[in-house]
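Pasted below: target26.tsv, TSV, C-alpha atoms and all ligand atoms.
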chain	number	residue	atom	x	y	z
A	1	MET	CA	9.36	13.53	-12.63
A	2	THR	CA	9.10	15.64	-9.48
A	3	HIS	CA	9.54	14.31	-6.01
A	4	ILE	CA	7.32	15.56	-3.25
A	5	TYR	CA	9.36	13.84	-0.54
A	6	GLN	CA	13.02	12.97	-0.54
A	7	LEU	CA	14.36	11.00	2.42
A	8	ASN	CA	18.08	10.78	3.09
A	9	GLN	CA	19.69	8.34	5.51
A	10	LEU	CA	16.54	8.32	7.57
A	11	ARG	CA	16.54	6.46	10.89
A	12	PHE	CA	13.79	6.27	13.47
A	13	SER	CA	14.03	4.62	16.87
A	14	TYR	CA	11.56	4.09	19.69
A	15	ALA	CA	13.65	4.29	22.87
A	16	SER	CA	16.73	2.35	21.81
A	17	LYS	CA	15.00	0.14	19.23
A	18	GLN	CA	15.57	1.17	15.62
A	19	VAL	CA	12.40	0.48	13.62
A	20	LEU	CA	13.09	2.35	10.38
A	21	ALA	CA	16.28	2.59	8.32
A	22	LEU	CA	15.81	4.03	4.83
A	23	ASP	CA	18.99	5.13	3.09
A	24	GLU	CA	17.43	6.97	0.22
A	25	LEU	CA	13.82	7.18	-0.85
A	26	GLN	CA	11.86	9.46	-3.17
A	27	LEU	CA	8.11	9.75	-3.42
A	28	GLU	CA	6.58	11.09	-6.57
A	29	GLU	CA	4.37	14.14	-6.72
A	30	GLY	CA	0.86	13.77	-8.14
A	31	LYS	CA	1.00	9.98	-8.07
A	32	THR	CA	-0.29	7.18	-5.88
A	33	THR	CA	2.24	5.32	-3.78
A	34	ALA	CA	1.41	2.25	-1.71
A	35	LEU	CA	3.43	1.23	1.34
A	36	ILE	CA	3.20	-2.49	1.77
A	37	GLY	CA	4.63	-4.83	4.37
A	38	ALA	CA	3.69	-7.13	7.20
A	39	ASN	CA	2.55	-5.90	10.61
A	40	GLY	CA	5.44	-4.25	12.39
A	41	SER	CA	7.42	-3.53	9.21
A	42	GLY	CA	7.33	0.24	9.86
A	43	LYS	CA	4.50	1.50	7.64
A	44	SER	CA	2.78	3.59	10.32
A	45	THR	CA	6.10	4.93	11.57
A	46	LEU	CA	7.00	6.08	8.07
A	47	LEU	CA	3.57	7.67	7.53
A	48	ASN	CA	3.87	9.53	10.85
A	49	LEU	CA	7.18	10.95	9.65
A	50	LEU	CA	5.71	11.91	6.25
A	51	ALA	CA	2.80	13.57	8.09
A	52	PHE	CA	5.32	15.56	10.16
A	53	LEU	CA	3.89	14.18	13.39
A	54	GLU	CA	7.34	12.92	14.34
A	55	SER	CA	10.90	13.90	13.53
A	56	PRO	CA	13.48	11.39	12.39
A	57	THR	CA	16.02	10.26	14.98
A	58	GLN	CA	18.64	10.70	12.27
A	59	GLY	CA	18.68	11.81	8.66
A	60	GLU	CA	16.69	14.31	6.70
A	61	ILE	CA	13.30	14.75	5.05
A	62	PHE	CA	12.90	17.15	2.14
A	63	PHE	CA	9.39	18.27	1.25
A	64	LYS	CA	9.16	19.86	-2.20
A	65	GLY	CA	12.90	20.39	-2.12
A	66	GLN	CA	12.94	22.06	1.31
A	67	SER	CA	14.66	20.41	4.25
A	68	VAL	CA	12.17	20.16	7.09
A	69	SER	CA	13.60	20.85	10.51
A	70	ARG	CA	12.03	19.98	13.84
A	71	ARG	CA	10.84	23.57	14.39
A	72	ASP	CA	9.05	23.61	11.00
A	73	LEU	CA	6.96	20.53	11.81
A	74	ILE	CA	3.72	22.31	12.73
A	75	GLU	CA	3.76	24.45	9.61
A	76	TYR	CA	4.35	21.44	7.37
A	77	ARG	CA	1.78	19.34	9.22
A	78	ARG	CA	-0.94	21.69	7.93
A	79	ARG	CA	0.03	20.98	4.34
A	80	VAL	CA	-0.74	17.28	4.48
A	81	GLY	CA	-3.89	15.31	5.17
A	82	PHE	CA	-3.43	12.33	7.42
A	83	LEU	CA	-5.78	9.46	8.22
A	84	ALA	CA	-4.55	7.55	11.26
A	85	GLN	CA	-4.88	3.79	11.46
A	86	LYS	CA	-7.31	4.21	14.37
A	87	PRO	CA	-9.35	7.31	13.55
A	88	PHE	CA	-10.39	9.59	16.38
A	89	MET	CA	-13.81	11.28	16.30
A	90	LEU	CA	-14.42	14.69	17.83
A	91	ALA	CA	-17.57	15.39	19.83
A	92	GLY	CA	-20.52	16.46	17.68
A	93	THR	CA	-22.06	15.27	14.47
A	94	VAL	CA	-20.39	13.89	11.38
A	95	TYR	CA	-21.05	17.24	9.72
A	96	ASP	CA	-19.38	19.10	12.61
A	97	ASN	CA	-16.36	16.81	12.38
A	98	ILE	CA	-15.93	17.50	8.69
A	99	GLU	CA	-16.62	21.23	8.98
A	100	LEU	CA	-14.13	21.96	11.74
A	101	GLY	CA	-10.98	21.95	9.58
A	102	LEU	CA	-12.61	24.29	7.07
A	103	LYS	CA	-13.65	26.65	9.88
A	104	ILE	CA	-10.13	26.68	11.31
A	105	GLN	CA	-8.80	27.57	7.86
A	106	GLY	CA	-11.37	30.38	7.68
A	107	LYS	CA	-13.04	28.89	4.59
A	108	ARG	CA	-16.43	30.17	3.49
A	109	GLN	CA	-19.03	28.34	1.40
A	110	ARG	CA	-18.40	25.25	3.47
A	111	ALA	CA	-21.72	23.46	2.94
A	112	PRO	CA	-21.24	22.51	-0.74
A	113	LYS	CA	-17.72	21.20	-0.05
A	114	ILE	CA	-19.00	19.09	2.83
A	115	ALA	CA	-21.95	17.80	0.81
A	116	LYS	CA	-19.53	16.75	-1.93
A	117	VAL	CA	-17.26	14.63	0.29
A	118	LEU	CA	-20.23	13.14	2.13
A	119	LYS	CA	-21.53	11.99	-1.23
A	120	GLN	CA	-18.13	10.82	-2.52
A	121	LEU	CA	-17.70	8.54	0.49
A	122	ASP	CA	-21.35	7.54	0.60
A	123	ILE	CA	-21.95	8.81	4.15
A	124	SER	CA	-24.56	11.53	3.49
A	125	TYR	CA	-27.07	9.37	5.39
A	126	CYS	CA	-25.23	9.87	8.69
A	127	ALA	CA	-24.32	13.57	8.38
A	128	ASP	CA	-26.42	14.43	11.46
A	129	SER	CA	-25.41	11.41	13.55
A	130	GLN	CA	-23.12	11.73	16.55
A	131	ALA	CA	-19.69	10.78	15.15
A	132	LYS	CA	-18.55	8.93	18.26
A	133	LEU	CA	-21.52	6.55	18.03
A	134	LEU	CA	-20.75	5.31	14.50
A	135	SER	CA	-19.27	1.94	13.60
A	136	GLY	CA	-15.53	1.59	13.02
A	137	GLY	CA	-15.97	1.58	9.25
A	138	GLU	CA	-18.18	4.66	9.29
A	139	GLN	CA	-15.71	6.49	11.53
A	140	GLN	CA	-12.92	5.60	9.12
A	141	LYS	CA	-14.90	7.18	6.27
A	142	VAL	CA	-15.70	10.29	8.33
A	143	ALA	CA	-12.02	10.68	9.20
A	144	LEU	CA	-11.18	10.36	5.52
A	145	ALA	CA	-13.86	12.92	4.62
A	146	ARG	CA	-12.38	15.29	7.21
A	147	SER	CA	-9.03	15.14	5.39
A	148	LEU	CA	-10.43	15.15	1.88
A	149	VAL	CA	-12.55	18.25	2.35
A	150	LEU	CA	-9.39	20.29	2.90
A	151	ALA	CA	-8.02	19.15	-0.49
A	152	PRO	CA	-4.46	18.72	0.83
A	153	GLU	CA	-1.47	18.57	-1.53
A	154	VAL	CA	-0.65	15.22	0.01
A	155	LEU	CA	-3.11	12.72	1.40
A	156	LEU	CA	-1.59	10.08	3.71
A	157	LEU	CA	-3.81	7.14	4.62
A	158	ASP	CA	-2.75	4.52	7.13
A	159	GLU	CA	-4.54	1.25	6.36
A	160	PRO	CA	-7.72	2.99	5.18
A	161	PHE	CA	-9.44	-0.31	4.44
A	162	SER	CA	-8.99	-1.94	7.83
A	163	TYR	CA	-12.48	-1.39	9.27
A	164	LEU	CA	-14.46	-1.44	6.03
A	165	ASP	CA	-16.84	-4.13	4.84
A	166	GLN	CA	-16.34	-5.70	1.42
A	167	SER	CA	-18.56	-3.33	-0.57
A	168	SER	CA	-17.01	-0.28	1.08
A	169	VAL	CA	-13.53	-1.66	0.34
A	170	GLN	CA	-14.42	-1.88	-3.33
A	171	ALA	CA	-15.89	1.62	-3.39
A	172	LEU	CA	-12.83	3.08	-1.68
A	173	GLU	CA	-10.46	1.16	-3.97
A	174	ALA	CA	-12.18	2.67	-7.00
A	175	PHE	CA	-12.10	6.14	-5.45
A	176	LEU	CA	-8.40	5.92	-4.56
A	177	GLN	CA	-7.44	4.54	-7.93
A	178	ASN	CA	-8.73	7.70	-9.62
A	179	TYR	CA	-7.80	10.15	-6.89
A	180	ALA	CA	-4.31	11.26	-7.96
A	181	GLN	CA	-5.28	11.64	-11.58
A	182	ALA	CA	-8.54	13.44	-10.81
A	183	THR	CA	-7.02	15.91	-8.33
A	184	GLY	CA	-3.37	16.14	-9.38
A	185	HIS	CA	-2.54	15.63	-5.70
A	186	THR	CA	-0.26	13.06	-4.14
A	187	LEU	CA	-1.73	10.01	-2.43
A	188	ILE	CA	0.28	7.72	-0.17
A	189	PHE	CA	-1.43	4.84	1.60
A	190	SER	CA	-0.39	1.78	3.53
A	191	THR	CA	-1.90	-1.66	3.31
A	192	HIS	CA	-0.92	-5.11	4.52
A	193	ASP	CA	-2.76	-6.53	1.48
A	194	ARG	CA	0.21	-6.50	-0.83
A	195	LEU	CA	-1.62	-7.34	-4.01
A	196	GLN	CA	-4.11	-4.57	-3.34
A	197	GLY	CA	-1.28	-2.05	-2.98
A	198	PHE	CA	0.27	-3.32	-6.13
A	199	ALA	CA	-3.00	-3.14	-8.08
A	200	LEU	CA	-4.01	0.35	-6.92
A	201	ALA	CA	-0.81	2.36	-6.92
A	202	ASP	CA	1.57	3.82	-9.49
A	203	GLU	CA	4.52	3.03	-7.22
A	204	VAL	CA	4.90	0.46	-4.47
A	205	ILE	CA	7.33	0.74	-1.58
A	206	ALA	CA	7.78	-2.57	0.19
A	207	LEU	CA	9.05	-2.59	3.76
A	208	ALA	CA	10.42	-5.51	5.72
A	209	GLU	CA	11.71	-4.94	9.26
A	210	GLY	CA	11.99	-1.19	8.69
A	211	LYS	CA	14.01	-1.46	5.48
A	212	GLN	CA	12.97	-1.03	1.88
A	213	VAL	CA	13.05	-4.21	-0.16
A	214	LEU	CA	12.94	-4.16	-3.93
A	215	THR	CA	10.18	-6.66	-4.38
A	216	PRO	CA	6.42	-6.46	-4.10
A	217	LEU	CA	6.59	-9.04	-1.24
A	218	ILE	CA	3.91	-11.12	-2.91
A	219	ASN	CA	4.63	-14.82	-3.33
A	220	LEU	CA	7.13	-14.39	-0.55
A	221	PHE	CA	8.87	-17.50	0.72
A	222	HIS	CA	11.32	-17.95	3.55
A	223	GLY	CA	14.09	-20.51	3.26
A	224	GLN	CA	17.69	-20.98	2.19
A	225	ILE	CA	19.77	-21.40	-0.93
A	226	ILE	CA	21.60	-24.66	-1.50
A	227	ASP	CA	23.46	-25.09	-4.74
A	228	HIS	CA	21.51	-22.63	-6.95
A	229	VAL	CA	18.19	-23.80	-5.55
A	230	PHE	CA	16.03	-21.84	-3.10
A	231	ILE	CA	14.47	-24.31	-0.69
A	232	SER	CA	11.43	-23.43	1.38
A	233	GLY	CA	9.84	-26.51	2.92
A	234	ALA	CA	8.77	-28.71	0.02
A	235	LEU	CA	9.09	-25.87	-2.48
A	236	GLN	CA	12.26	-25.76	-4.61
A	237	ILE	CA	12.90	-22.78	-6.88
A	238	ILE	CA	15.68	-22.94	-9.46
A	239	LEU	CA	17.84	-19.79	-9.54
A	240	THR	CA	20.17	-18.34	-12.14
A	241	GLU	CA	22.77	-17.05	-9.76
A	242	ALA	CA	23.63	-18.17	-6.29
A	243	THR	CA	23.09	-15.17	-4.04
A	244	ASP	CA	24.95	-16.47	-1.03
A	245	ASN	CA	22.96	-15.75	2.10
A	246	ALA	CA	19.52	-14.58	0.98
A	247	ARG	CA	16.74	-15.86	3.27
A	248	HIS	CA	13.71	-14.71	1.30
A	249	ALA	CA	12.54	-15.23	-2.27
A	250	SER	CA	9.68	-13.38	-3.90
A	251	ILE	CA	8.08	-13.66	-7.32
A	252	ASN	CA	6.28	-10.74	-8.90
A	253	PRO	CA	2.67	-11.83	-9.56
A	254	GLU	CA	2.86	-10.29	-13.03
A	255	ASP	CA	5.92	-12.37	-13.95
A	256	ILE	CA	4.07	-15.64	-13.52
A	257	VAL	CA	2.68	-17.33	-16.61
A	258	LEU	CA	-0.25	-19.73	-16.24
A	259	SER	CA	-0.69	-22.61	-18.64
A	260	THR	CA	-2.58	-25.86	-19.02
A	261	GLU	CA	0.65	-27.74	-19.87
A	262	ALA	CA	4.08	-27.21	-18.29
A	263	LEU	CA	5.92	-24.64	-20.43
A	264	LYS	CA	9.30	-25.65	-21.77
A	265	SER	CA	11.62	-23.01	-23.31
A	266	SER	CA	13.72	-20.85	-21.02
A	267	ILE	CA	11.26	-20.96	-18.15
A	268	ARG	CA	12.85	-23.16	-15.50
A	269	ASN	CA	10.29	-23.19	-12.71
A	270	HIS	CA	7.03	-25.09	-13.12
A	271	PHE	CA	4.58	-26.09	-10.42
A	272	GLN	CA	1.23	-27.73	-10.94
A	273	GLY	CA	-1.67	-26.77	-8.73
A	274	ARG	CA	-5.39	-26.11	-8.40
A	275	VAL	CA	-7.18	-22.83	-8.87
A	276	VAL	CA	-8.50	-21.92	-5.41
A	277	MET	CA	-9.53	-18.30	-5.96
A	278	ILE	CA	-10.46	-16.03	-8.86
A	279	ALA	CA	-11.21	-12.40	-8.05
A	280	GLU	CA	-11.45	-9.04	-9.70
A	281	GLU	CA	-8.54	-6.77	-8.82
A	282	MET	CA	-8.82	-3.27	-10.25
A	283	GLY	CA	-9.16	-4.09	-13.91
A	284	ARG	CA	-7.15	-7.28	-13.70
A	285	VAL	CA	-7.81	-10.76	-12.41
A	286	ARG	CA	-6.20	-12.24	-9.34
A	287	VAL	CA	-5.88	-16.01	-9.52
A	288	ASN	CA	-4.58	-18.03	-6.58
A	289	ILE	CA	-3.12	-21.44	-7.34
A	290	ASP	CA	-2.50	-23.97	-4.60
A	291	THR	CA	0.59	-25.99	-5.52
A	292	GLY	CA	1.21	-27.07	-1.95
A	293	VAL	CA	1.99	-23.41	-1.38
A	294	ILE	CA	-0.29	-20.70	-2.72
A	295	PHE	CA	0.93	-18.63	-5.66
A	296	GLN	CA	-0.85	-15.33	-6.34
A	297	VAL	CA	-0.98	-14.41	-10.00
A	298	LEU	CA	-2.27	-11.28	-11.74
A	299	ILE	CA	-3.52	-11.80	-15.27
A	300	THR	CA	-5.63	-9.91	-17.79
A	301	TYR	CA	-9.29	-10.65	-18.50
A	302	GLN	CA	-8.16	-11.78	-21.94
A	303	ALA	CA	-5.81	-14.38	-20.45
A	304	LEU	CA	-8.61	-15.54	-18.15
A	305	ALA	CA	-10.89	-16.06	-21.14
A	306	GLU	CA	-8.20	-17.68	-23.31
A	307	LEU	CA	-7.26	-20.20	-20.65
A	308	ASN	CA	-10.92	-20.62	-19.72
A	309	ILE	CA	-9.92	-20.73	-16.04
A	310	LYS	CA	-12.44	-22.06	-13.52
A	311	LEU	CA	-12.23	-22.78	-9.83
A	312	GLY	CA	-10.75	-26.22	-9.20
A	313	ASP	CA	-8.94	-26.41	-12.57
A	314	ARG	CA	-5.46	-27.91	-12.61
A	315	LEU	CA	-2.99	-25.39	-14.03
A	316	TRP	CA	0.75	-24.84	-14.21
A	317	VAL	CA	2.47	-21.89	-12.57
A	318	ASN	CA	5.57	-21.00	-14.62
A	319	PHE	CA	8.24	-18.39	-14.02
A	320	LYS	CA	11.81	-17.70	-15.05
A	321	SER	CA	14.72	-17.94	-12.66
A	322	ASN	CA	15.47	-14.27	-13.20
A	323	SER	CA	11.96	-13.33	-12.05
A	324	VAL	CA	12.89	-14.48	-8.55
A	325	VAL	CA	13.92	-11.62	-6.26
A	326	LEU	CA	16.20	-12.73	-3.43
A	327	PHE	CA	16.96	-10.79	-0.27
B	401	LIG	P1	3.30	-1.30	10.80
B	401	LIG	O1	2.48	-0.05	10.68
B	401	LIG	O2	3.96	-1.71	9.51
B	401	LIG	O3	2.54	-2.43	11.40
B	401	LIG	P2	4.71	0.18	12.85
B	401	LIG	O4	5.35	1.36	12.20
B	401	LIG	O5	3.47	0.40	13.62
B	401	LIG	O6	4.54	-1.00	11.78
B	401	LIG	O7	5.76	-0.47	13.84
B	401	LIG	C1	7.12	-0.69	13.51
B	401	LIG	C2	7.84	-1.22	14.74
B	401	LIG	O8	7.86	-0.21	15.75
B	401	LIG	C3	7.20	-2.43	15.38
B	401	LIG	O9	8.23	-3.30	15.80
B	401	LIG	C4	6.45	-1.86	16.54
B	401	LIG	O10	6.37	-2.80	17.59
B	401	LIG	C5	7.31	-0.70	16.95
B	401	LIG	N1	6.53	0.39	17.56
B	401	LIG	C6	5.48	1.03	16.99
B	401	LIG	N2	5.01	2.00	17.79
B	401	LIG	C7	5.78	1.98	18.91
B	401	LIG	C8	5.81	2.73	20.13
B	401	LIG	N3	4.95	3.74	20.34
B	401	LIG	N4	6.75	2.41	21.03
B	401	LIG	C9	7.64	1.42	20.81
B	401	LIG	N5	7.67	0.67	19.71
B	401	LIG	C10	6.76	0.93	18.75
B	402	MG	MG	0.55	0.29	11.01
Hey, can you dump this file as structure tokens for me?
Ligand code: ADP
Ligand code: MG
Amino acid sequence: MTHIYQLNQLRFSYASKQVLALDELQLEEGKTTALIGANGSGKSTLLNLLAFLESPTQGEIFFKGQSVSRRDLIEYRRRVGFLAQKPFMLAGTVYDNIELGLKIQGKRQRAPKIAKVLKQLDISYCADSQAKLLSGGEQQKVALARSLVLAPEVLLLDEPFSYLDQSSVQALEAFLQNYAQATGHTLIFSTHDRLQGFALADEVIALAEGKQVLTPLINLFHGQIIDHVFISGALQIILTEATDNARHASINPEDIVLSTEALKSSIRNHFQGRVVMIAEEMGRVRVNIDTGVIFQVLITYQALAELNIKLGDRLWVNFKSNSVVLF
């Protein structure tokens, strides 16, 4: 496995406030990595560093094995495609916006490349429109097209779904899911929809308050441990080991087993609830169960059919103590 980025003892501060502290992190080449985390967890800051728009306050970034110094930033910046959280349109048409990068790179035969990305992102209809007059979602697609047309080794997308309507979200999800495999290039995107990140990417990096946490941050509960039990409001989760001062517990949505009866055996946590949502999630099924708190579960279509799950059904959420990640 090759790493496209290697981060060592990376720190980033705004003024005196440290917002990112990553001791060691590798990102895989030719794969899709999702950065997930709540607002303010440091996703955009990390993407800005990976896009070489900023330099770390401390620590080092290696790109393809080369240490990147502050004076190399501009050169490295050209090697990555970056879609900012709030895309900025240049004056002129959509076509002009997409063509500019190719012109700067001195590329010929630009029209077929532009036609291809316009089609891929389903924005051919507005090629001749003034880019600044488009809706937020359309601008986000144009900004993505502007990056894509340059076929960068690394494509960095900061919350690419934020302005899109539901059908565009689904189209972009399908496109991104195939992107790394189809192009052999690296894709790194951020999302605050944790399950979406988890479903789309080969690797997930979860951030909380600027630090990496080794959990998908789905089914995340805040509370305290008393006597081998994690207590969060009315929810009580039985643990195997007492990790002294953890304040958060998270359960991987793939480690949860759904059943019509409470499962005995070695599974120690059982909660009964009602099915409140069933949705398609990139080849799997996302089922939300309201047990007083909502549990998000990812199951296969086969499991959905076997359990004959319908909205409103009463089901049991079951998971082992050692599926609980504490931090
Ligand atoms: P995310 O993208 O996950 O929402 P950000 O990387 O934007 O998180 O922000 C991480 C932290 O850095 C937040 O606490 C945010 O308030 C702070 N921050 C972001 N941009 C700036 C800035 N330009 N100046 C000062 N603080 C900032
Ligand atoms: Mg952000």
Point-to-point distance in Å for CA of Arg284 (chain A) and CA of Ala305 (chain A)
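Computing it gives 12.1 Å between the two atoms.
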Please return as an MDAnalysis selection string the residues found within 10 Å of ligand LIG 401 (chain B), counting all atoms listed in the file.
chainID A and resid 12:20 35:48 85 158:159 190:192 207:210
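For Leu83 (chain A), the non-local neighbours within 7 Å, defined as residues at least 3 positions apart in the same chain or in other chains and counting all atoms listed in the file, are Pro87, Ala143, Leu144, Leu156, Leu157 and Asp158 of chain A.
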Using C-alpha atoms, can you export the residues from the last selection as an mmCIF file, keeping the file's coordinate frame?
data_model
loop_
_atom_site.group_PDB
_atom_site.id
_atom_site.type_symbol
_atom_site.label_atom_id
_atom_site.label_comp_id
_atom_site.auth_asym_id
_atom_site.auth_seq_id
_atom_site.Cartn_x
_atom_site.Cartn_y
_atom_site.Cartn_z
ATOM 1 C CA PRO A 87 -9.350 7.310 13.550
ATOM 2 C CA ALA A 143 -12.020 10.680 9.200
ATOM 3 C CA LEU A 144 -11.180 10.360 5.520
ATOM 4 C CA LEU A 156 -1.590 10.080 3.710
ATOM 5 C CA LEU A 157 -3.810 7.140 4.620
ATOM 6 C CA ASP A 158 -2.750 4.520 7.130
#
Taking (12.5, -9.4, -3.2) in the file's coordinates as the center, which residues reach within 12 Å of it, counting all atoms listed in the file, put as an MDAnalysis selection string?
chainID A and resid 37 205:208 211:222 246:253 322:327
Calculated over all atoms listed in the file, which of the candidates A:Ile238, A:Ala151, A:Leu315, A:Leu90 has the smallest distance to Lys132 (chain A)?
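Checking each of A:Ile238, A:Ala151, A:Leu315, A:Leu90 against Lys132 (chain A), counting all atoms listed in the file, the winner is A:Leu90.
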Can you list, as a PyMOL selection string, every protein, DNA or RNA residue that comes within 10 Å of Gln66 (chain A) when you count all atoms listed in the file, leaving out same-chain residues fewer than 2 positions away?
chain A and resi 4-6+61-64+68-69
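With CA of Asn288 (chain A) on one side and CA of Ser259 (chain A) on the other, the separation reads 13.5 Å.
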Restricting the calculation to only C-alpha atoms and all ligand atoms, which member of A:Lys86, A:Arg70, A:Lys116, A:His270 is positioned closest to ligand MG 402 (chain B)?
A:Lys86
Can you measure CA of Glu24 (chain A) to CA of Ile188 (chain A) for me? One decimal in Å is fine.
17.2 Å
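In this comparison, which uses all atoms listed in the file, the residue of A:Thr33, A:Gln224, A:Gln130, A:Gln302 approaching Leu239 (chain A) most closely is A:Gln224.
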Name the closest residue to Ser129 (chain A) among the candidates A:Val257, A:Ile231, A:Val142, A:Leu22; distances are taken between atoms, counting all atoms listed in the file.
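For Ser129 (chain A), the nearest of the candidates is A:Val142.
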Taking all atoms listed in the file into account, name the residue in A:Leu164, A:Asp122, A:Glu173, A:Ala111 that is nearest to Val149 (chain A).
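Using all atoms listed in the file, Val149 (chain A) sits closest to A:Ala111.
All protein, DNA and RNA residues at most 6 Å from (-15.4, 8.7, 0.7) are Gln120, Leu121, Lys141 and Ala145 of chain A, using all atoms listed in the file.
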Write out the residues from the selection above, keeping C-alpha atoms, as a PDB file, in the frame of the given file.
ATOM      1  CA  GLN A 120     -18.130  10.820  -2.520  1.00  0.00           C
ATOM      2  CA  LEU A 121     -17.700   8.540   0.490  1.00  0.00           C
ATOM      3  CA  LYS A 141     -14.900   7.180   6.270  1.00  0.00           C
ATOM      4  CA  ALA A 145     -13.860  12.920   4.620  1.00  0.00           C
TER       5      ALA A 145
END
Could you name the residues that touch Leu200 (chain A) at 9 Å or less, counting all atoms listed in the file, but leaving out those on the same chain fewer than 6 positions away, as a short mmCIF file (atom, residue, chain, number, x, y, z; two decimals) with C-alpha atoms, in the frame of the given file?
data_model
loop_
_atom_site.label_atom_id
_atom_site.label_comp_id
_atom_site.auth_asym_id
_atom_site.auth_seq_id
_atom_site.Cartn_x
_atom_site.Cartn_y
_atom_site.Cartn_z
CA THR A 32 -0.29 7.18 -5.88
CA THR A 33 2.24 5.32 -3.78
CA ALA A 34 1.41 2.25 -1.71
CA GLU A 173 -10.46 1.16 -3.97
CA ALA A 174 -12.18 2.67 -7.00
CA LEU A 176 -8.40 5.92 -4.56
CA GLN A 177 -7.44 4.54 -7.93
CA GLU A 281 -8.54 -6.77 -8.82
CA MET A 282 -8.82 -3.27 -10.25
#
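The protein and nucleic acid residues lying at most 7 Å from Lys31 (chain A) are A:Ala180, A:Thr186, A:Leu187, A:Asp202, with all atoms listed in the file considered and sequence neighbours fewer than 4 positions away removed.
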